[in-house]
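Enquirer: Next up, data.txt (compact mmCIF, C-alpha atoms and all ligand atoms).
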```txt
# COMPACT_ATOMS: atom_id res chain seq x y z
CA MET R 1493 8.27 18.29 138.20
CA LYS R 1494 9.98 15.12 139.34
CA LEU R 1495 13.62 16.04 139.97
CA LEU R 1496 16.90 14.48 141.02
CA VAL R 1497 19.16 16.87 142.94
CA THR R 1498 22.73 15.66 143.42
CA GLY R 1499 24.71 17.24 146.27
CA VAL R 1500 21.44 17.85 148.10
CA ALA R 1501 23.05 17.94 151.56
CA GLY R 1502 25.48 20.72 150.61
CA PHE R 1503 25.19 24.48 150.94
CA ILE R 1504 23.55 25.28 147.60
CA GLY R 1505 21.79 21.90 147.20
CA SER R 1506 19.90 22.11 150.49
CA LYS R 1507 18.86 25.75 150.00
CA LEU R 1508 17.74 25.06 146.43
CA THR R 1509 15.76 21.98 147.44
CA GLU R 1510 13.86 23.91 150.09
CA ARG R 1511 12.67 26.26 147.33
CA LEU R 1512 11.81 23.35 145.00
CA ILE R 1513 9.67 21.78 147.73
CA ALA R 1514 8.00 25.11 148.52
CA ARG R 1515 6.92 25.47 144.88
CA GLY R 1516 5.58 21.91 144.73
CA ASP R 1517 8.29 19.94 142.92
CA ASP R 1518 8.83 16.28 143.80
CA VAL R 1519 12.50 15.77 144.74
CA VAL R 1520 14.81 12.81 145.15
CA GLY R 1521 18.07 14.00 146.70
CA LEU R 1522 21.42 12.21 146.37
CA ASP R 1523 24.52 12.86 148.46
CA ASN R 1524 27.41 10.76 149.78
CA PHE R 1525 28.30 13.05 152.72
CA ASP R 1526 31.79 13.54 151.37
CA PRO R 1527 34.06 14.34 154.36
CA PHE R 1528 35.34 17.64 152.87
CA TYR R 1529 33.44 19.18 155.78
CA PRO R 1530 31.61 17.45 158.62
CA ARG R 1531 28.70 15.11 158.00
CA GLU R 1532 26.88 16.63 160.99
CA THR R 1533 26.76 19.99 159.18
CA LYS R 1534 25.28 18.34 156.09
CA GLU R 1535 22.80 16.34 158.19
CA ARG R 1536 21.74 19.63 159.73
CA ASN R 1537 21.28 21.16 156.26
CA LEU R 1538 18.86 18.32 155.52
CA THR R 1539 16.78 18.68 158.70
CA SER R 1540 13.75 20.35 157.16
CA LEU R 1541 14.04 18.24 154.00
CA ARG R 1542 14.12 14.74 155.45
CA SER R 1543 10.33 14.40 155.50
CA ALA R 1544 9.80 16.33 152.25
CA ILE R 1545 12.10 14.46 149.85
CA ARG R 1546 13.29 10.93 149.22
CA PHE R 1547 16.91 11.02 150.32
CA VAL R 1548 19.40 8.54 148.86
CA GLU R 1549 22.87 8.22 150.36
CA GLY R 1550 24.97 7.40 147.31
CA ASP R 1551 27.90 8.34 145.14
CA ILE R 1552 27.82 9.83 141.64
CA THR R 1553 30.84 7.72 140.70
CA ASP R 1554 28.84 4.53 141.39
CA ARG R 1555 27.36 3.87 137.96
CA GLY R 1556 25.34 0.85 139.10
CA GLY R 1557 23.71 2.90 141.84
CA LEU R 1558 22.85 5.69 139.40
CA ASP R 1559 21.37 3.22 136.91
CA ARG R 1560 19.17 1.68 139.63
CA LEU R 1561 18.03 5.09 140.84
CA LEU R 1562 17.15 6.32 137.36
CA ALA R 1563 15.38 3.05 136.55
CA ALA R 1564 13.28 3.25 139.72
CA GLU R 1565 12.10 6.85 139.22
CA ARG R 1566 10.92 8.75 136.15
CA PHE R 1567 12.74 12.05 136.40
CA ASP R 1568 11.81 15.07 134.30
CA ALA R 1569 15.18 16.70 134.98
CA VAL R 1570 18.39 16.43 137.01
CA ILE R 1571 20.08 19.28 138.89
CA HIS R 1572 23.69 18.23 139.30
CA LEU R 1573 25.47 20.05 142.13
CA ALA R 1574 27.48 17.18 143.66
CA ALA R 1575 31.19 17.84 143.33
CA LEU R 1576 34.41 18.25 145.18
CA ALA R 1577 34.45 22.02 145.55
CA GLY R 1578 37.32 24.31 146.47
CA VAL R 1579 40.30 25.54 144.49
CA ARG R 1580 43.17 25.05 146.92
CA PRO R 1581 42.49 21.43 147.99
CA SER R 1582 42.22 20.45 144.32
CA ILE R 1583 45.92 21.24 143.91
CA ARG R 1584 46.73 18.56 146.51
CA GLU R 1585 44.35 15.95 145.08
CA PRO R 1586 43.78 16.51 141.36
CA TRP R 1587 43.04 12.84 140.72
CA ARG R 1588 40.20 12.77 143.22
CA TYR R 1589 38.73 16.00 141.80
CA ALA R 1590 38.91 14.62 138.27
CA HIS R 1591 37.32 11.36 139.38
CA VAL R 1592 34.32 12.89 141.16
CA ASN R 1593 33.78 16.01 139.04
CA VAL R 1594 34.53 14.63 135.58
CA VAL R 1595 34.01 10.86 135.77
CA GLY R 1596 31.02 11.30 138.13
CA THR R 1597 29.42 13.82 135.76
CA ALA R 1598 30.00 11.47 132.81
CA HIS R 1599 28.34 8.58 134.69
CA LEU R 1600 25.36 10.73 135.56
CA ALA R 1601 24.92 12.07 132.02
CA GLU R 1602 25.28 8.56 130.55
CA ALA R 1603 22.75 7.13 133.00
CA MET R 1604 20.35 9.93 132.05
CA ILE R 1605 20.75 9.29 128.33
CA ALA R 1606 20.24 5.55 128.85
CA ARG R 1607 16.93 6.26 130.65
CA GLY R 1608 15.73 9.01 128.28
CA VAL R 1609 16.06 11.83 130.85
CA SER R 1610 16.99 14.75 128.63
CA ARG R 1611 17.21 17.81 130.87
CA LEU R 1612 20.19 18.68 133.03
CA VAL R 1613 21.25 21.72 135.07
CA PHE R 1614 24.96 21.57 135.92
CA ALA R 1615 26.89 23.56 138.53
CA SER R 1616 29.93 25.02 136.82
CA SER R 1617 32.09 27.77 138.24
CA SER R 1618 33.50 31.24 137.60
CA SER R 1619 36.91 29.65 138.17
CA VAL R 1620 36.88 28.44 134.54
CA TYR R 1621 37.75 32.03 133.52
CA GLY R 1622 41.19 31.59 135.10
CA ASP R 1623 43.13 34.83 135.17
CA ASN R 1624 41.35 36.42 132.23
CA THR R 1625 41.87 40.16 132.39
CA LEU R 1626 38.97 41.07 130.14
CA VAL R 1627 36.18 41.95 132.58
CA PRO R 1628 33.31 41.56 133.12
CA TYR R 1629 33.47 37.94 132.03
CA GLU R 1630 31.16 36.93 129.20
CA GLU R 1631 30.23 33.36 128.40
CA SER R 1632 31.60 33.71 124.85
CA GLN R 1633 35.13 34.42 126.14
CA ARG R 1634 37.86 31.84 125.59
CA VAL R 1635 38.39 29.81 128.73
CA ASP R 1636 41.20 27.42 128.01
CA GLU R 1637 43.61 28.43 130.78
CA PRO R 1638 42.03 27.38 134.07
CA ALA R 1639 44.28 28.16 137.07
CA SER R 1640 43.54 25.07 139.22
CA PRO R 1641 42.60 21.39 138.80
CA TYR R 1642 39.16 22.25 140.23
CA ALA R 1643 38.59 24.81 137.46
CA THR R 1644 39.81 22.31 134.88
CA THR R 1645 37.28 19.72 136.06
CA LYS R 1646 34.43 22.22 135.80
CA ARG R 1647 35.45 23.22 132.28
CA ALA R 1648 35.78 19.55 131.36
CA GLY R 1649 32.23 19.00 132.64
CA GLU R 1650 30.92 21.82 130.43
CA LEU R 1651 32.72 20.49 127.37
CA MET R 1652 31.52 16.95 127.96
CA LEU R 1653 27.92 18.11 128.28
CA ASP R 1654 28.28 20.13 125.09
CA THR R 1655 29.44 16.96 123.33
CA PHE R 1656 26.57 14.92 124.86
CA ALA R 1657 24.12 17.59 123.67
CA LYS R 1658 25.38 17.19 120.11
CA LEU R 1659 25.56 13.38 120.19
CA HIS R 1660 22.48 12.53 122.23
CA GLY R 1661 20.29 15.65 122.32
CA LEU R 1662 20.83 16.17 126.04
CA SER R 1663 19.72 19.68 127.06
CA SER R 1664 22.18 21.16 129.58
CA SER R 1665 22.32 24.50 131.30
CA CYS R 1666 25.85 24.97 132.66
CA LEU R 1667 25.68 27.61 135.36
CA ARG R 1668 28.90 29.38 136.26
CA PHE R 1669 28.36 30.33 139.89
CA PHE R 1670 30.40 33.30 141.18
CA THR R 1671 31.44 32.94 144.88
CA VAL R 1672 28.15 32.06 146.52
CA TYR R 1673 27.63 33.12 150.15
CA GLY R 1674 24.92 33.25 152.78
CA PRO R 1675 23.60 31.01 155.56
CA ARG R 1676 25.08 27.45 155.36
CA GLN R 1677 28.03 28.59 153.25
CA ARG R 1678 30.78 25.96 153.19
CA PRO R 1679 32.99 26.41 156.26
CA GLU R 1680 36.28 26.66 154.34
CA MET R 1681 35.09 29.54 152.11
CA ALA R 1682 36.60 32.97 152.78
CA ILE R 1683 33.56 34.80 154.18
CA HIS R 1684 32.74 31.97 156.59
CA LYS R 1685 36.37 31.52 157.68
CA PHE R 1686 36.94 35.28 158.10
CA ALA R 1687 33.70 35.70 160.05
CA ARG R 1688 34.65 32.97 162.54
CA ALA R 1689 38.04 34.61 163.07
CA ILE R 1690 36.50 38.07 163.58
CA GLU R 1691 33.95 36.64 166.05
CA ARG R 1692 36.74 35.02 168.08
CA GLY R 1693 38.83 38.20 168.01
CA GLU R 1694 41.54 36.45 165.98
CA PRO R 1695 43.39 38.02 163.03
CA VAL R 1696 42.08 37.47 159.52
CA THR R 1697 44.74 36.18 157.11
CA LEU R 1698 44.48 37.86 153.70
CA TYR R 1699 46.36 36.17 150.88
CA GLY R 1700 47.91 38.90 148.75
CA ASP R 1701 47.78 42.65 149.34
CA GLY R 1702 43.97 42.81 149.59
CA SER R 1703 43.49 44.13 146.06
CA SER R 1704 42.15 40.87 144.60
CA SER R 1705 38.40 41.02 144.05
CA ARG R 1706 35.42 38.71 143.81
CA ASP R 1707 31.92 38.98 142.46
CA TYR R 1708 29.98 37.67 145.49
CA THR R 1709 26.52 36.20 144.90
CA TYR R 1710 23.91 35.78 147.61
CA ILE R 1711 22.52 32.25 147.89
CA ASP R 1712 18.87 33.25 147.23
CA ASP R 1713 19.90 34.94 143.98
CA VAL R 1714 21.77 31.82 142.86
CA VAL R 1715 18.74 29.67 143.70
CA ASP R 1716 16.58 32.02 141.57
CA GLY R 1717 19.04 31.53 138.71
CA VAL R 1718 18.96 27.74 139.04
CA LEU R 1719 15.14 27.76 139.00
CA GLY R 1720 15.20 30.04 135.94
CA ALA R 1721 17.48 27.57 134.16
CA LEU R 1722 15.38 24.58 135.20
CA ASP R 1723 12.22 26.18 133.82
CA ARG R 1724 13.81 27.32 130.54
CA PRO R 1725 15.81 24.38 129.17
CA PRO R 1726 17.94 25.28 126.15
CA VAL R 1727 18.15 23.31 122.93
CA GLY R 1728 21.58 21.71 123.30
CA ALA R 1729 24.07 22.95 125.88
CA ARG R 1730 24.16 26.56 127.03
CA ILE R 1731 26.43 28.33 129.51
CA TYR R 1732 25.21 31.06 131.88
CA ASN R 1733 27.07 33.28 134.34
CA LEU R 1734 25.28 33.67 137.67
CA GLY R 1735 27.02 36.46 139.57
CA GLY R 1736 26.14 39.36 141.81
CA THR R 1737 27.70 41.75 139.23
CA GLN R 1738 29.36 44.03 141.84
CA PRO R 1739 32.96 42.91 142.39
CA VAL R 1740 34.43 43.84 145.77
CA ARG R 1741 38.08 44.01 146.82
CA LEU R 1742 39.17 41.52 149.46
CA ASP R 1743 40.16 44.24 151.96
CA ALA R 1744 36.79 45.98 151.43
CA LEU R 1745 34.99 42.68 151.94
CA VAL R 1746 36.64 42.18 155.32
CA ARG R 1747 35.75 45.74 156.40
CA GLU R 1748 32.12 45.15 155.36
CA LEU R 1749 32.08 41.83 157.21
CA GLY R 1750 33.40 43.62 160.31
CA ARG R 1751 30.50 46.08 160.03
CA ALA R 1752 27.99 43.22 159.70
CA LEU R 1753 29.44 41.57 162.82
CA ASP R 1754 29.92 44.91 164.57
CA LYS R 1755 33.56 44.09 165.33
CA GLN R 1756 36.84 45.55 164.13
CA PRO R 1757 38.82 42.94 162.14
CA THR R 1758 42.60 42.66 162.54
CA LEU R 1759 44.41 41.80 159.30
CA VAL R 1760 47.50 39.72 158.64
CA HIS R 1761 48.88 39.51 155.10
CA ALA R 1762 50.29 36.31 153.57
CA PRO R 1763 51.57 35.58 150.05
CA PRO R 1764 48.97 34.91 147.33
CA GLN R 1765 48.01 31.22 147.13
CA PRO R 1766 48.68 29.08 144.04
CA GLY R 1767 45.50 28.49 142.07
CA ASP R 1768 43.81 31.70 143.26
CA VAL R 1769 42.85 34.19 140.54
CA HIS R 1770 43.11 37.97 140.90
CA GLN R 1771 39.55 38.87 140.08
CA THR R 1772 36.11 37.60 139.09
CA TRP R 1773 33.30 39.69 137.66
CA ALA R 1774 30.22 38.37 135.87
CA ASP R 1775 28.41 39.85 132.94
CA VAL R 1776 24.94 38.37 133.47
CA SER R 1777 23.23 39.80 130.36
CA ARG R 1778 22.62 36.33 128.93
CA ALA R 1779 21.10 34.95 132.15
CA ARG R 1780 19.06 38.15 132.51
CA SER R 1781 17.52 37.92 129.06
CA GLU R 1782 17.17 34.13 128.74
CA LEU R 1783 16.50 33.04 132.36
CA GLY R 1784 14.97 36.18 133.86
CA TYR R 1785 17.89 36.30 136.30
CA ALA R 1786 18.13 39.52 138.34
CA PRO R 1787 20.28 39.43 141.49
CA GLN R 1788 18.55 41.30 144.33
CA VAL R 1789 20.67 41.13 147.47
CA PRO R 1790 23.51 43.66 147.83
CA LEU R 1791 26.63 42.57 149.73
CA PRO R 1792 26.04 44.56 152.98
CA GLU R 1793 22.54 43.08 153.31
CA GLY R 1794 23.72 39.56 152.44
CA LEU R 1795 26.53 39.81 155.00
CA ARG R 1796 24.08 40.99 157.68
CA ARG R 1797 21.92 37.93 157.01
CA PHE R 1798 25.00 35.70 157.09
CA ALA R 1799 26.18 37.25 160.39
CA SER R 1800 22.80 36.74 161.98
CA TRP R 1801 22.81 33.07 160.88
CA LEU R 1802 26.37 32.55 162.16
CA ARG R 1803 25.33 33.81 165.58
CA GLY R 1804 22.35 31.47 165.66
CA GLU R 1805 19.90 34.38 165.54
CA SER R 1806 18.16 33.12 162.41
CA GLU R 1807 17.08 29.69 161.24
CA TRP R 1808 19.79 27.19 160.24
N1 LIG U 1 29.67 27.76 146.66
C1 LIG U 1 30.22 28.41 145.62
O1 LIG U 1 30.62 29.58 145.72
C2 LIG U 1 30.37 27.73 144.29
C3 LIG U 1 30.94 28.45 143.24
C4 LIG U 1 31.08 27.85 142.00
C5 LIG U 1 30.63 26.56 141.80
N2 LIG U 1 30.08 25.88 142.84
C6 LIG U 1 29.62 24.51 142.60
O2 LIG U 1 28.29 24.37 143.09
C7 LIG U 1 28.08 23.06 143.59
C8 LIG U 1 27.61 23.10 145.03
O3 LIG U 1 28.58 23.79 145.82
P1 LIG U 1 28.43 23.98 147.39
O4 LIG U 1 29.15 25.22 147.75
O5 LIG U 1 27.00 23.79 147.79
O6 LIG U 1 29.32 22.76 147.90
P2 LIG U 1 29.02 21.65 149.02
O7 LIG U 1 30.32 20.95 149.23
O8 LIG U 1 28.37 22.28 150.20
O9 LIG U 1 28.00 20.68 148.31
C9 LIG U 1 28.39 19.64 147.44
C10 LIG U 1 27.73 18.37 147.93
O10 LIG U 1 28.11 17.31 147.03
C11 LIG U 1 28.30 16.15 147.80
N3 LIG U 1 29.21 15.24 147.08
C12 LIG U 1 30.55 15.37 146.88
N4 LIG U 1 31.03 14.31 146.22
C13 LIG U 1 29.96 13.50 145.96
C14 LIG U 1 29.82 12.24 145.32
N5 LIG U 1 30.90 11.60 144.82
N6 LIG U 1 28.60 11.69 145.25
C15 LIG U 1 27.52 12.31 145.78
N7 LIG U 1 27.59 13.51 146.43
C16 LIG U 1 28.80 14.09 146.51
C17 LIG U 1 28.93 16.64 149.10
O11 LIG U 1 28.77 15.69 150.16
C18 LIG U 1 28.19 17.94 149.33
O12 LIG U 1 27.09 17.79 150.20
C19 LIG U 1 29.42 22.32 143.39
O13 LIG U 1 29.37 21.64 142.16
C20 LIG U 1 30.42 23.45 143.32
O14 LIG U 1 31.58 23.08 142.61
C21 LIG U 1 29.94 26.43 144.08
```
Render the structure in this file as structure tokens.

Expert:
Amino acid sequence: MKLLVTGVAGFIGSKLTERLIARGDDVVGLDNFDPFYPRETKERNLTSLRSAIRFVEGDITDRGGLDRLLAAERFDAVIHLAALAGVRPSIREPWRYAHVNVVGTAHLAEAMIARGVSRLVFASSSSVYGDNTLVPYEESQRVDEPASPYATTKRAGELMLDTFAKLHGLSSSCLRFFTVYGPRQRPEMAIHKFARAIERGEPVTLYGDGSSSRDYTYIDDVVDGVLGALDRPPVGARIYNLGGTQPVRLDALVRELGRALDKQPTLVHAPPQPGDVHQTWADVSRARSELGYAPQVPLPEGLRRFASWLRGESEW
């Protein structure tokens, strides 16, 4: 398949694209090297891809650029991962998050419709569930109380694609990723930040009393889910949870990470952060039956692989 992957230089985008290339897809990758984390890290993510894909440095909010790109290539589908990620920074800069994540997604979907590209896979997020207490989260649940501007932009993206499906027949799979981790994980995410602190012998700051929990999902499992969605496009727009299905308390996560790094973490507690939710937990029945999704990597194994990558013992 001829594919456009936006956000190709990021954590998930680069890992996904390596798998697309390995299975013989033809990929054009778009990324603007947003400075949320260093360009050098993203360049490094692209190392093995540079000769395998056509890379375009560009911005999803640049409609002219998108139109030219979609006119020059005949894409079968678009995998849209480019976004400003991260809950806490979105509270400081809601406008920028809305601009990139909502306006950028609208530009991309419009450019696709104008060129007759009818298949889209969109990176949404478990954060859309807000502080819902009904767990595990099912896609049919009401999600109209997101707890951060980031979550609001992801929900807005889902709703817009649902509307575009009805108006223009665009097929969209909106994938709600649940805390993805593994080699190349974004440096500001908890596991990566905690692991660096433990390695340096510095205390790990836990926001809250340690009882909050997350459904952590290993990167290879998420990539499997994205490929499943790409290969089974829905009629209209369809939402899928992609989680690991085994929520873990924050304090237990840090202990497990200590075991993976073979070091004893020291903990410091700080007040819970605005925008953070207490728990996430995915029901993946829909993705299992419709996409063949079946997460394989348990947390201790995933953390061992992450630790080995962090120490430079495995491939970047
Ligand atoms: N990592 C997770 O746990 C997680 C969870 C839920 C949802 N998601 C979503 O999955 C997607 C990928 O996440 P990630 O963790 O790989 O993040 P990432 O930051 O590593 O990757 C996103 C990429 O998008 C690029 N980008 C940002 N703004 C852009 C723009 N205007 N034009 C073009 N490119 C732009 C960035 O430079 C970056 O390389 C994002 O949409 C994110 O919101 C991730």

Enquirer: Using only C-alpha atoms and all ligand atoms, determine which residues fall within 6 Å of ligand LIG 1 (chain U), then list them as a list in words.

Expert: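 Going residue by residue within 6 Å of ligand LIG 1 (chain U), we get Gly1499, Ala1501, Gly1502, Phe1503, Ile1504, Gly1505, Asp1523, Asn1524, Phe1525, Asp1526, Gly1550, Asp1551, Ile1552, Thr1553, Leu1573, Ala1574, Ala1575, Leu1576, Ala1577, Val1592, Ala1615, Ser1616, Ser1617, Phe1669, Phe1670, Thr1671, Val1672 and Arg1678 of chain R.
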
Enquirer: Give me the residues within 12 Å of Pro1726 of chain R as a JSON list (two decimals) with C-alpha atoms, keeping the file's coordinate frame, counting all atoms listed in the file and dropping any in the same chain fewer than 2 places off.

Expert:
```json
[["chain", "number", "residue", "atom", "x", "y", "z"],
["R", 1610, "SER", "CA", 16.99, 14.75, 128.63],
["R", 1611, "ARG", "CA", 17.21, 17.81, 130.87],
["R", 1612, "LEU", "CA", 20.19, 18.68, 133.03],
["R", 1613, "VAL", "CA", 21.25, 21.72, 135.07],
["R", 1654, "ASP", "CA", 28.28, 20.13, 125.09],
["R", 1657, "ALA", "CA", 24.12, 17.59, 123.67],
["R", 1661, "GLY", "CA", 20.29, 15.65, 122.32],
["R", 1662, "LEU", "CA", 20.83, 16.17, 126.04],
["R", 1663, "SER", "CA", 19.72, 19.68, 127.06],
["R", 1664, "SER", "CA", 22.18, 21.16, 129.58],
["R", 1665, "SER", "CA", 22.32, 24.50, 131.30],
["R", 1666, "CYS", "CA", 25.85, 24.97, 132.66],
["R", 1720, "GLY", "CA", 15.20, 30.04, 135.94],
["R", 1721, "ALA", "CA", 17.48, 27.57, 134.16],
["R", 1722, "LEU", "CA", 15.38, 24.58, 135.20],
["R", 1723, "ASP", "CA", 12.22, 26.18, 133.82],
["R", 1724, "ARG", "CA", 13.81, 27.32, 130.54],
["R", 1728, "GLY", "CA", 21.58, 21.71, 123.30],
["R", 1729, "ALA", "CA", 24.07, 22.95, 125.88],
["R", 1730, "ARG", "CA", 24.16, 26.56, 127.03],
["R", 1731, "ILE", "CA", 26.43, 28.33, 129.51],
["R", 1732, "TYR", "CA", 25.21, 31.06, 131.88],
["R", 1779, "ALA", "CA", 21.10, 34.95, 132.15],
["R", 1782, "GLU", "CA", 17.17, 34.13, 128.74],
["R", 1783, "LEU", "CA", 16.50, 33.04, 132.36]]
```

Enquirer: Tell me, as a count of residues only, which residues lie within 10 Å of Leu1561 of chain R, counting all atoms listed in the file; anything in the same chain fewer than 6 positions away does not count.

Expert: 8

Enquirer: Report, in Å with one decimal, the straight-line distance from atom CA of Ala1752 of chain R to atom CA of Trp1773 of chain R.

Expert: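 Spanning atom CA of Ala1752 of chain R to atom CA of Trp1773 of chain R is a straight-line distance of 22.9 Å.
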
Enquirer: Between atom CA of Gln1771 of chain R and atom CA of Gly1674 of chain R, what distance in Å does the model show, to one decimal?

Expert: 20.2 Å

Enquirer: Which distance in Å separates atom CA of Gly1649 of chain R and atom CA of Val1609 of chain R, to one decimal?

Expert: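 Computing it gives 17.8 Å between the two atoms.
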
Enquirer: Closest to Thr1597 of chain R among R:Ser1543, R:Thr1498, R:Ser1618, R:Ser1582, using all atoms listed in the file?

Expert: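 Closest residue, counting all atoms listed in the file: R:Thr1498.
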
Enquirer: Of the candidates R:Trp1801, R:Pro1792, R:Ser1632, R:Lys1658, which one gets nearest to Ser1777 of chain R if we count all atoms listed in the file?

Expert: R:Ser1632

Enquirer: Excluding Tyr1629 of chain R and residues on its chain fewer than 3 positions from it, collect all residues at most 9 Å away from it, counting all atoms listed in the file, and give them as a ChimeraX atom specification.

Expert: /R:1618,1621,1624-1626,1632-1633,1733,1772-1776

Enquirer: Counting all atoms listed in the file, find residues at most 10 Å from (36.3, 43.3, 150.3) (file frame) and give them as JSON, numbers by chain.

Expert: {"R": [1683, 1702, 1703, 1704, 1705, 1706, 1707, 1708, 1739, 1740, 1741, 1742, 1743, 1744, 1745, 1746, 1747, 1748, 1749, 1791]}

Enquirer: I'd like the contact shell of Arg1584 of chain R - 12 Å cut-off, all atoms listed in the file, skipping same-chain residues fewer than 3 positions apart - returned as a JSON list (two decimals) with C-alpha atoms, keeping the file's coordinate frame.

Expert:
```json
[["chain", "number", "residue", "atom", "x", "y", "z"],
["R", 1578, "GLY", "CA", 37.32, 24.31, 146.47],
["R", 1579, "VAL", "CA", 40.30, 25.54, 144.49],
["R", 1580, "ARG", "CA", 43.17, 25.05, 146.92],
["R", 1581, "PRO", "CA", 42.49, 21.43, 147.99],
["R", 1587, "TRP", "CA", 43.04, 12.84, 140.72],
["R", 1588, "ARG", "CA", 40.20, 12.77, 143.22],
["R", 1589, "TYR", "CA", 38.73, 16.00, 141.80],
["R", 1640, "SER", "CA", 43.54, 25.07, 139.22],
["R", 1641, "PRO", "CA", 42.60, 21.39, 138.80],
["R", 1642, "TYR", "CA", 39.16, 22.25, 140.23],
["R", 1766, "PRO", "CA", 48.68, 29.08, 144.04],
["R", 1767, "GLY", "CA", 45.50, 28.49, 142.07]]
```

Enquirer: I'd like to know which of R:Leu1667, R:Arg1803, R:Val1620, R:Ile1545 is closest to Asp1636 of chain R, using only C-alpha atoms.

Expert: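 Residue with the minimum atom-to-atom distance to Asp1636 of chain R: R:Val1620.
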